[in-house]
Amino acid sequence: MARVVVNVMPKPEILDPQGKAVTGALKRMGHTGFSVRQGKRFEIEVDKDVTDEVLDEVRQFAESFLANTVIENFEVVS
């Protein structure tokens, strides 16, 4: 079975409180020089060959269902 991954991240201009919390925790633990942004990862198993048409279909439902494109960017990786 093939797998397609959709990564969803907040747009750079959107506040990311979870990422800020992780960044702060890392600093308190002595890990400096890091900045974290938290997103979502969806792994989609496909029961057919991953063609351009399948990737287009995944992009369509990622844009309408998996990501809030007002505040998030997404990428589809095969």
# chains A, B, ... in the order shown; residues from 1 in each chain; ligands from 1
>>> residues_around(residues="Asp56 in chain A", least_positions_apart="5", cutoff="12 Å", atoms="only C-alpha atoms", output="list in words")
Val4, Val50, Thr51, Phe61, Ala62, Glu63, Glu75, Val76, Val77 and Ser78 of chain A
>>> write_last_selection(atoms="C-alpha atoms", output="PDB file, in the first residue's frame")
ATOM      1  CA  VAL A   4       0.812  10.115   0.942  1.00  0.00           C
ATOM      2  CA  VAL A  50       0.056   7.301  -6.443  1.00  0.00           C
ATOM      3  CA  THR A  51      -0.430   9.180  -9.705  1.00  0.00           C
ATOM      4  CA  PHE A  61      -9.485  17.374   0.241  1.00  0.00           C
ATOM      5  CA  ALA A  62      -6.471  18.685   2.181  1.00  0.00           C
ATOM      6  CA  GLU A  63      -7.413  22.229   1.172  1.00  0.00           C
ATOM      7  CA  GLU A  75       2.062  20.444   1.549  1.00  0.00           C
ATOM      8  CA  VAL A  76       1.389  17.050   0.022  1.00  0.00           C
ATOM      9  CA  VAL A  77       4.350  14.651  -0.074  1.00  0.00           C
ATOM     10  CA  SER A  78       4.304  11.311  -1.844  1.00  0.00           C
TER      11      SER A  78
END
>>> select_by_dssp(residues="range 12-60 of chain A", states="alpha helix (DSSP H)", output="JSON, numbers by chain")
{"A": [17, 18, 19, 20, 21, 22, 23, 24, 25, 26, 27, 28, 52, 53, 54, 55, 56, 57, 58, 59, 60]}
>>> write_last_selection(atoms="N, CA, C and O atoms", output="CSV table (one decimal), in the first residue's frame")
chain,number,residue,atom,x,y,z
A,17,PRO,N,0.8,29.5,19.9
A,17,PRO,CA,1.0,29.4,21.3
A,17,PRO,C,1.6,28.0,21.7
A,17,PRO,O,2.4,28.0,22.6
A,18,GLN,N,1.3,26.9,21.1
A,18,GLN,CA,1.9,25.6,21.4
A,18,GLN,C,3.3,25.6,21.1
A,18,GLN,O,4.2,25.1,21.8
A,19,GLY,N,3.7,26.1,19.9
A,19,GLY,CA,5.1,26.2,19.5
A,19,GLY,C,5.9,27.1,20.5
A,19,GLY,O,7.0,26.8,20.9
A,20,LYS,N,5.3,28.2,20.9
A,20,LYS,CA,6.0,29.1,21.9
A,20,LYS,C,6.2,28.4,23.2
A,20,LYS,O,7.2,28.6,23.9
A,21,ALA,N,5.2,27.6,23.6
A,21,ALA,CA,5.3,26.9,24.9
A,21,ALA,C,6.4,25.9,24.8
A,21,ALA,O,7.2,25.7,25.8
A,22,VAL,N,6.6,25.2,23.7
A,22,VAL,CA,7.6,24.2,23.6
A,22,VAL,C,9.0,24.9,23.5
A,22,VAL,O,10.0,24.5,24.1
A,23,THR,N,9.0,26.0,22.8
A,23,THR,CA,10.3,26.8,22.7
A,23,THR,C,10.7,27.3,24.1
A,23,THR,O,11.9,27.1,24.5
A,24,GLY,N,9.8,27.7,24.9
A,24,GLY,CA,10.1,28.2,26.3
A,24,GLY,C,10.5,27.0,27.1
A,24,GLY,O,11.5,27.2,27.9
A,25,ALA,N,9.9,25.9,27.0
A,25,ALA,CA,10.3,24.7,27.8
A,25,ALA,C,11.7,24.3,27.4
A,25,ALA,O,12.5,23.9,28.3
A,26,LEU,N,12.1,24.3,26.1
A,26,LEU,CA,13.4,23.9,25.7
A,26,LEU,C,14.4,24.9,26.3
A,26,LEU,O,15.5,24.4,26.8
A,27,LYS,N,14.1,26.2,26.3
A,27,LYS,CA,15.1,27.1,27.0
A,27,LYS,C,15.3,26.9,28.4
A,27,LYS,O,16.4,26.9,28.9
A,28,ARG,N,14.2,26.5,29.1
A,28,ARG,CA,14.3,26.2,30.6
A,28,ARG,C,15.1,25.0,30.8
A,28,ARG,O,15.7,24.8,31.9
A,52,ASP,N,-0.4,11.5,-10.5
A,52,ASP,CA,-0.7,12.9,-10.4
A,52,ASP,C,-2.2,13.2,-10.0
A,52,ASP,O,-2.5,14.1,-9.3
A,53,GLU,N,-3.0,12.3,-10.6
A,53,GLU,CA,-4.5,12.5,-10.3
A,53,GLU,C,-4.8,12.2,-8.8
A,53,GLU,O,-5.6,12.9,-8.2
A,54,VAL,N,-4.2,11.2,-8.3
A,54,VAL,CA,-4.4,10.9,-6.9
A,54,VAL,C,-3.8,12.0,-6.0
A,54,VAL,O,-4.5,12.5,-5.0
A,55,LEU,N,-2.7,12.6,-6.3
A,55,LEU,CA,-2.1,13.7,-5.6
A,55,LEU,C,-3.0,14.9,-5.7
A,55,LEU,O,-3.2,15.6,-4.7
A,56,ASP,N,-3.5,15.1,-6.8
A,56,ASP,CA,-4.5,16.3,-7.0
A,56,ASP,C,-5.7,16.1,-6.1
A,56,ASP,O,-6.2,17.0,-5.5
A,57,GLU,N,-6.2,14.9,-6.0
A,57,GLU,CA,-7.4,14.6,-5.2
A,57,GLU,C,-7.0,14.8,-3.7
A,57,GLU,O,-7.8,15.4,-3.0
A,58,VAL,N,-5.9,14.4,-3.3
A,58,VAL,CA,-5.4,14.6,-1.9
A,58,VAL,C,-5.3,16.1,-1.6
A,58,VAL,O,-5.7,16.6,-0.6
A,59,ARG,N,-4.7,16.8,-2.6
A,59,ARG,CA,-4.6,18.3,-2.4
A,59,ARG,C,-6.0,18.9,-2.3
A,59,ARG,O,-6.2,19.8,-1.5
A,60,GLN,N,-7.0,18.5,-3.0
A,60,GLN,CA,-8.3,19.0,-3.0
A,60,GLN,C,-8.9,18.8,-1.6
A,60,GLN,O,-9.5,19.7,-1.0
>>> select_by_dssp(residues="chain A", states="strand (DSSP E)", output="PyMOL selection string")
chain A and resi 2-10+40-46+72-77
>>> atom_distance(atom1="CA of Gly30 in chain A", atom2="CA of Asn7 in chain A")
28.8 Å
>>> atom_distance(atom1="CA of Pro10 in chain A", atom2="CA of Val36 in chain A")
11.5 Å
>>> closest_residue(among="A:Lys48, A:Thr32, A:Thr69, A:Phe42", to="Val6 in chain A", atoms="only C-alpha atoms")
A:Phe42
>>> closest_residue(among="A:Leu15, A:Met29, A:Asn68, A:Ala2", to="Glu43 in chain A", atoms="only C-alpha atoms")
A:Ala2
>>> atom_distance(atom1="CA of Phe74 in chain A", atom2="CA of Met9 in chain A")
6.3 Å
>>> residues_around(residues="Pro12 in chain A", least_positions_apart="4", cutoff="9 Å", atoms="only C-alpha atoms", output="ChimeraX atom specification")
/A:16,71-72
>>> decode(residues="range 43-56 of chain A", atoms="all heavy atoms", output="tab-separated table (two decimals), in the first residue's frame")
chain	number	residue	atom	x	y	z
A	43	GLU	N	-1.07	10.99	7.59
A	43	GLU	CA	-0.56	9.92	6.74
A	43	GLU	C	-1.77	9.22	6.13
A	43	GLU	O	-2.62	8.69	6.84
A	43	GLU	CB	0.29	8.94	7.53
A	43	GLU	CG	1.57	9.55	8.05
A	43	GLU	CD	2.47	8.55	8.74
A	43	GLU	OE1	2.10	7.37	8.86
A	43	GLU	OE2	3.56	8.97	9.16
A	44	ILE	N	-1.83	9.22	4.80
A	44	ILE	CA	-2.98	8.68	4.08
A	44	ILE	C	-2.51	7.48	3.28
A	44	ILE	O	-1.64	7.60	2.42
A	44	ILE	CB	-3.57	9.76	3.15
A	44	ILE	CG1	-3.98	10.97	3.99
A	44	ILE	CG2	-4.74	9.21	2.36
A	44	ILE	CD1	-4.08	12.25	3.22
A	45	GLU	N	-3.07	6.31	3.58
A	45	GLU	CA	-2.75	5.11	2.83
A	45	GLU	C	-3.63	5.05	1.59
A	45	GLU	O	-4.84	5.28	1.67
A	45	GLU	CB	-2.93	3.87	3.69
A	45	GLU	CG	-1.89	3.78	4.79
A	45	GLU	CD	-1.95	2.48	5.56
A	45	GLU	OE1	-2.86	1.66	5.30
A	45	GLU	OE2	-1.09	2.29	6.42
A	46	VAL	N	-3.01	4.74	0.47
A	46	VAL	CA	-3.70	4.72	-0.81
A	46	VAL	C	-3.63	3.30	-1.36
A	46	VAL	O	-2.55	2.71	-1.43
A	46	VAL	CB	-3.03	5.70	-1.80
A	46	VAL	CG1	-3.77	5.72	-3.13
A	46	VAL	CG2	-2.96	7.10	-1.20
A	47	ASP	N	-4.78	2.74	-1.74
A	47	ASP	CA	-4.80	1.35	-2.21
A	47	ASP	C	-4.63	1.24	-3.72
A	47	ASP	O	-5.04	0.26	-4.33
A	47	ASP	CB	-6.08	0.65	-1.74
A	47	ASP	CG	-7.34	1.28	-2.29
A	47	ASP	OD1	-7.25	2.30	-3.01
A	47	ASP	OD2	-8.43	0.76	-2.00
A	48	LYS	N	-4.02	2.25	-4.33
A	48	LYS	CA	-3.71	2.22	-5.76
A	48	LYS	C	-2.41	2.97	-5.97
A	48	LYS	O	-1.84	3.51	-5.03
A	48	LYS	CB	-4.85	2.84	-6.57
A	48	LYS	CG	-5.30	4.20	-6.07
A	48	LYS	CD	-6.57	4.65	-6.75
A	48	LYS	CE	-7.16	5.88	-6.07
A	48	LYS	NZ	-8.44	6.24	-6.58
A	49	ASP	N	-1.93	2.99	-7.19
A	49	ASP	CA	-0.70	3.73	-7.48
A	49	ASP	C	-0.90	5.22	-7.23
A	49	ASP	O	-1.98	5.77	-7.50
A	49	ASP	CB	-0.27	3.53	-8.94
A	49	ASP	CG	0.21	2.11	-9.21
A	49	ASP	OD1	0.64	1.43	-8.25
A	49	ASP	OD2	0.15	1.69	-10.38
A	50	VAL	N	0.12	5.87	-6.71
A	50	VAL	CA	0.06	7.30	-6.44
A	50	VAL	C	0.43	8.03	-7.74
A	50	VAL	O	1.59	8.17	-8.08
A	50	VAL	CB	0.99	7.72	-5.28
A	50	VAL	CG1	0.94	9.21	-5.06
A	50	VAL	CG2	0.60	6.98	-4.01
A	51	THR	N	-0.59	8.46	-8.44
A	51	THR	CA	-0.43	9.18	-9.70
A	51	THR	C	-0.64	10.68	-9.45
A	51	THR	O	-1.04	11.08	-8.35
A	51	THR	CB	-1.46	8.69	-10.73
A	51	THR	OG1	-2.77	8.98	-10.22
A	51	THR	CG2	-1.32	7.20	-11.00
A	52	ASP	N	-0.41	11.48	-10.48
A	52	ASP	CA	-0.68	12.91	-10.36
A	52	ASP	C	-2.15	13.17	-10.04
A	52	ASP	O	-2.47	14.09	-9.28
A	52	ASP	CB	-0.30	13.64	-11.65
A	52	ASP	CG	1.20	13.74	-11.84
A	52	ASP	OD1	1.95	13.60	-10.84
A	52	ASP	OD2	1.63	13.97	-12.99
A	53	GLU	N	-3.04	12.34	-10.58
A	53	GLU	CA	-4.47	12.50	-10.31
A	53	GLU	C	-4.78	12.23	-8.83
A	53	GLU	O	-5.58	12.94	-8.21
A	53	GLU	CB	-5.30	11.57	-11.20
A	53	GLU	CG	-5.29	11.94	-12.67
A	53	GLU	CD	-4.02	11.49	-13.40
A	53	GLU	OE1	-3.32	10.56	-12.92
A	53	GLU	OE2	-3.72	12.10	-14.44
A	54	VAL	N	-4.16	11.20	-8.27
A	54	VAL	CA	-4.36	10.89	-6.85
A	54	VAL	C	-3.83	12.03	-5.99
A	54	VAL	O	-4.49	12.47	-5.04
A	54	VAL	CB	-3.70	9.55	-6.47
A	54	VAL	CG1	-3.67	9.35	-4.96
A	54	VAL	CG2	-4.40	8.39	-7.16
A	55	LEU	N	-2.65	12.55	-6.32
A	55	LEU	CA	-2.09	13.67	-5.55
A	55	LEU	C	-2.98	14.91	-5.66
A	55	LEU	O	-3.16	15.63	-4.67
A	55	LEU	CB	-0.67	13.98	-6.03
A	55	LEU	CG	0.37	12.91	-5.72
A	55	LEU	CD1	1.71	13.27	-6.35
A	55	LEU	CD2	0.52	12.69	-4.23
A	56	ASP	N	-3.55	15.15	-6.83
A	56	ASP	CA	-4.48	16.27	-6.98
A	56	ASP	C	-5.71	16.09	-6.11
A	56	ASP	O	-6.21	17.04	-5.50
A	56	ASP	CB	-4.90	16.44	-8.45
A	56	ASP	CG	-3.81	17.03	-9.31
A	56	ASP	OD1	-2.86	17.65	-8.76
A	56	ASP	OD2	-3.89	16.88	-10.55
